[in-house]
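Enquirer: Quick one: the structure is below, questions incoming.
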Amino acid sequence: MLSIHLATSFLPHNSTEPDNRQATTAMAILGASPAAPPWSLLCALGALVFLWWAWRALERTWFIPRRLGRALRAQGLRGTAYRFPAGDMKEFIRLGAEACSEPMPLQSHAITPRAVPFDHSVIKQHGNVAVTWFGPEPRVIVNDPKLLREILANKHGQFGKQRSTAWIERLLANGLTTHQGEKWVTHRRIINHAFHLEKLKRMLPAFAACSSELIGRWEDSLGSDGVQEIDVWPEFQNLTGDVISRAAFGSCFSEGRRIFQLQSEQAQNAVKMANTMHIPGCSFLPTKLNRRMKTNRHEVEALLKGIITKREKAMKEGLTNNDDLLGLLLESNIKESQESGSAKPTMTTEDIIGELKLFYFAGMETTAVLLTWTMVVLSMHPEWQDRAREEVLRVFGKNQPDSDGINQLKVVTMILNEVLRLYPPILQLGRETYQETELGGVRYPPGVTFALSTVCIHHDPDVWGEDVDEFKPERFMEGVSKASKDAPAFFPFGWGPRICVGQNFTLLEAKMGLTMILQNFLFELSPSYTHAPCPVSTLQPQYGAHIKLKKL
């Protein structure tokens, strides 16, 4: 009505033309006929919506990045210049493909140029704190342990999980790592009970049983000369999937196999999504990748819901002792609900499914990666393999490892820490400013993301010394706190209040598996082994990890 009024106000007031002539003239000014069909108005509305969307897109991809870039550079922050509209993504992808096209020298542990080539290049060119662009979003690479600790400590709540990639994480596992605020606090409190070290010790028999089956398979595959070549990467994936199935859910490996296969595929698909510029709403498009992610998610959730239902029924009938992670989680959830005076469980079934998906991914992938690189590195450094085996045989002989003996394994612990330093399963952590924040003399506006490059810090000669890329487990002889110059600078499980809740589970499982392998086999690199650490969802061997085993 307002537009018609404005249009007719241009007509002469003393016009003697009929009213319908005035209306016709007004509508002509508006570009419509007297009998304009409704769809023309919809087209006009659609055009306005498109113009609004185009303006917002231009603002997001041009004006805001330019303004942010100027503000950060004015404070002395170095880095790359923003390039419309994808930022540094083209260079990020090019350097990644180039780095993974060639293997590394066989005895080299200098993995950062291959594992994170873009970050390595930026740090080398612009310093330990440098701004880059992930699409139109500023992404600040941090290679300073002091600043990393400050960000992860998050004392004032100014840093949070990276929102631009949170949707990808939720597709993979909508559990503790994706939660914020009070929900995170509550879930962490409940889950801490299940991961208490004393309760994890009850799971050692499950760890030992799974490791014994692995040893048995390897022994059965040996040739007449007692030697066999094995790709240990898929072997350790099977082992850790077995451990999760038994220790976390008390179910057999066959029941859990499908879940961890699906979660492994989800992780790889999530990486593909993360390496493309995110357009809001793109996760809802019916692409092949999106459909596959959705199908996998539904299947995993259905399988896990079946496991939960069976467990809850068994608990009601008193047929379970709740010594596994699922039982402890359900038990802790009931206790938390009772203490809060709520008739409903604090964590819903959907919440528990999210945590179980995370257990499968984190508990399987990270431990498999750690054991794989430990076997590779000890094959490269047989003197340390001999020292570890000597310690294991002195403590246990040929007997099954127990918790008291595992706590005495100083050399094995030093070796695992040094492998985690050189080959951390998770190469980077991401955080975002939720409010204006001062860090290292620079004020960052809300919405700036930080790439906390743990692998670069682990390989920084200013932090660890000029021998940073050498395998020297003796660095950790006096513990983590004295291993580096700027201590602590060891972040394989993160840092601060959100440090990985499953780190004790991972280390206990890894020590059990490595101990039993050392008790039974000598091992060395196969001539077919190619040294090619590759960033997938975790740091994985691009061409497998082929090891020659010899029965002791």
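Each chain of the structure tokens is named A, B, ... in the order shown, its residues numbered from 1; ligands are numbered from 1 in display order.
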If you count only C-alpha atoms, which residues fall within 8 Å of Leu172 in chain A, apart from same-chain ones fewer than 6 positions away, as a PyMOL selection string?
Expert: chain A and resi 263+266-267+270+297+357-358
Enquirer: When you look at Leu95 in chain A with a cut-off of 12 Å (counting only C-alpha atoms), what residues show up, excluding the ones that are within fewer than 4 positions of it in the same chain? I need them as number ranges by chain.
Expert: A: 88-91, 99-102, 113-122
Enquirer: Which residues are close to range 145-161 of chain A, i.e. within 6 Å by only C-alpha atoms, leaving aside same-chain residues fewer than 4 positions away? Reply as a PyMOL selection string.
Expert: chain A and resi 431-435+489+495-496
Enquirer: May I have the selected residues written with N, CA and C atoms, as a tab-separated table (two decimals), in the first residue's frame?
Expert:
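What landed in out10.tsv:
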```
chain	number	residue	atom	x	y	z
A	431	ARG	N	40.71	-23.40	18.45
A	431	ARG	CA	39.91	-22.60	19.36
A	431	ARG	C	39.47	-21.32	18.66
A	432	GLU	N	38.47	-20.66	19.23
A	432	GLU	CA	37.92	-19.44	18.64
A	432	GLU	C	37.68	-18.41	19.73
A	433	THR	N	37.89	-17.13	19.42
A	433	THR	CA	37.58	-16.07	20.38
A	433	THR	C	36.07	-15.84	20.40
A	434	TYR	N	35.49	-15.91	21.59
A	434	TYR	CA	34.06	-15.67	21.75
A	434	TYR	C	33.79	-14.22	22.16
A	435	GLN	N	34.84	-13.50	22.52
A	435	GLN	CA	34.72	-12.08	22.86
A	435	GLN	C	36.06	-11.43	22.55
A	489	ALA	N	55.81	-28.20	27.37
A	489	ALA	CA	55.57	-27.97	25.94
A	489	ALA	C	55.21	-29.27	25.25
A	495	TRP	N	45.60	-29.74	26.76
A	495	TRP	CA	46.08	-29.05	27.96
A	495	TRP	C	44.90	-28.38	28.64
A	496	GLY	N	45.04	-28.10	29.93
A	496	GLY	CA	44.02	-27.33	30.63
A	496	GLY	C	42.81	-28.17	31.01
```
Enquirer: Write out as a PyMOL selection string each polymer residue whose atoms come within 8 Å of Gly87 in chain A, counting only C-alpha atoms; drop sequence neighbours fewer than 5 positions from it.
Expert: chain A and resi 82+132-136
Enquirer: For the selection you just gave me, I'd like the residues written to a file as a compact mmCIF listing (two decimals), in the first residue's frame, keeping C-alpha atoms.
Expert:
```txt
# COMPACT_ATOMS: atom_id res chain seq x y z
CA TYR A 82 43.53 -12.16 2.37
CA THR A 132 46.26 -16.85 7.68
CA TRP A 133 42.86 -17.16 6.01
CA PHE A 134 40.60 -20.20 5.94
CA GLY A 135 38.19 -18.86 3.37
CA PRO A 136 37.12 -15.42 4.65
```
Enquirer: May I have the residues within 9 Å of Arg421 in chain A as a compact mmCIF listing (two decimals) with C-alpha atoms, in the first residue's frame, using only C-alpha atoms and disregarding those fewer than 6 positions away in the same chain?
Expert:
```
# COMPACT_ATOMS: atom_id res chain seq x y z
CA THR A 454 51.08 -28.99 18.70
CA VAL A 455 53.18 -30.91 16.17
CA HIS A 458 56.88 -30.63 19.49
CA HIS A 459 59.46 -30.12 16.71
CA PHE A 490 54.23 -31.50 25.53
CA PHE A 491 50.61 -31.51 24.33
CA PRO A 492 49.68 -34.89 22.76
```
Enquirer: For Ser211 in chain A, which residue out of A:Lys335, A:Lys485, A:Arg389, A:Lys511 is the nearest one, using only C-alpha atoms?
Expert: A:Lys511
Enquirer: I'd like the contact shell of Val227 in chain A - 10 Å cut-off, only C-alpha atoms, skipping same-chain residues fewer than 2 positions apart - returned as a tab-separated table (two decimals) with C-alpha atoms, in the first residue's frame.
Expert:
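Output saved as selection08.tsv:
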```
chain	number	residue	atom	x	y	z
A	218	TRP	CA	50.91	-63.23	14.56
A	219	GLU	CA	52.39	-66.51	15.79
A	221	SER	CA	51.18	-66.49	10.53
A	222	LEU	CA	54.91	-67.14	11.04
A	223	GLY	CA	56.75	-69.09	8.38
A	224	SER	CA	58.85	-72.18	9.02
A	225	ASP	CA	61.84	-69.95	9.79
A	229	GLU	CA	56.19	-59.63	7.43
A	230	ILE	CA	53.04	-57.89	8.72
A	521	PHE	CA	58.91	-60.89	19.18
A	522	LEU	CA	61.95	-59.17	17.79
A	523	PHE	CA	61.01	-56.77	14.99
A	548	LYS	CA	59.31	-58.11	9.94
A	549	LEU	CA	58.57	-60.15	13.05
A	550	LYS	CA	60.80	-62.86	14.48
A	551	LYS	CA	59.59	-65.13	17.27
```
Enquirer: A:Trp55, A:Phe505, A:Tyr444, A:Phe236: which is nearest Gln540 in chain A, counting only C-alpha atoms?
Expert: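 Result for the nearest residue to Gln540 in chain A: A:Phe236.
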Enquirer: Using DSSP on the backbone, list every residue of range 58-299 of chain A that comes out as strand (DSSP E or B), and give them as a PDB file with C-alpha atoms, in the first residue's frame.
Expert:
```
ATOM      1  CA  ARG A  78      52.410 -10.758  10.464  1.00  0.00           C
ATOM      2  CA  GLY A  79      50.963 -13.286   8.064  1.00  0.00           C
ATOM      3  CA  GLY A  87      41.852 -17.055   1.366  1.00  0.00           C
ATOM      4  CA  VAL A 129      52.201 -16.253  15.654  1.00  0.00           C
ATOM      5  CA  ALA A 130      50.878 -15.523  12.176  1.00  0.00           C
ATOM      6  CA  VAL A 131      47.505 -14.784  10.613  1.00  0.00           C
ATOM      7  CA  THR A 132      46.264 -16.854   7.675  1.00  0.00           C
ATOM      8  CA  TRP A 133      42.856 -17.160   6.008  1.00  0.00           C
ATOM      9  CA  PHE A 134      40.596 -20.204   5.938  1.00  0.00           C
ATOM     10  CA  GLU A 137      37.831 -16.390   8.288  1.00  0.00           C
ATOM     11  CA  PRO A 138      41.074 -15.235   9.937  1.00  0.00           C
ATOM     12  CA  ARG A 139      43.024 -18.242  11.243  1.00  0.00           C
ATOM     13  CA  VAL A 140      45.932 -17.437  13.554  1.00  0.00           C
ATOM     14  CA  ILE A 141      48.625 -20.118  13.731  1.00  0.00           C
ATOM     15  CA  VAL A 142      50.162 -20.347  17.209  1.00  0.00           C
ATOM     16  CA  PHE A 159      38.057 -19.010  24.094  1.00  0.00           C
ATOM     17  CA  GLY A 160      35.808 -21.828  22.930  1.00  0.00           C
ATOM     18  CA  VAL A 227      59.775 -64.883  10.507  1.00  0.00           C
ATOM     19  CA  GLN A 228      56.810 -63.041   8.990  1.00  0.00           C
ATOM     20  CA  GLU A 229      56.190 -59.632   7.432  1.00  0.00           C
ATOM     21  CA  ILE A 230      53.038 -57.894   8.720  1.00  0.00           C
ATOM     22  CA  ASP A 231      51.453 -54.501   8.100  1.00  0.00           C
TER      23      ASP A 231
END
```
Enquirer: Can you tell me, as a PyMOL selection string, what residues are no more than 7 Å from Glu355 in chain A when counting only C-alpha atoms, ignoring any on the same chain fewer than 4 positions away?
Expert: chain A and resi 174-176+351+359
Enquirer: A:Glu169, A:Glu390, A:Glu524, A:Asp467: which is nearest Val271 in chain A, counting only C-alpha atoms?
Expert: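 Under the stated criterion, the closest residue is A:Glu169.
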Enquirer: For a test of reading the model, state the distance in Å between CA of Glu235 in chain A and CA of Ser526 in chain A, rounded to one decimal.
Expert: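 We find that CA of Glu235 in chain A and CA of Ser526 in chain A lie 15.6 Å from each other.
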Enquirer: Please return as a VMD selection string: the residues of range 139-295 of chain A that backbone DSSP assigns to helix (DSSP H, G or I).
Expert: chain A and resid 145 to 153 163 to 172 176 to 178 181 to 194 197 to 221 232 to 249 253 to 274 282 to 284 288 to 295
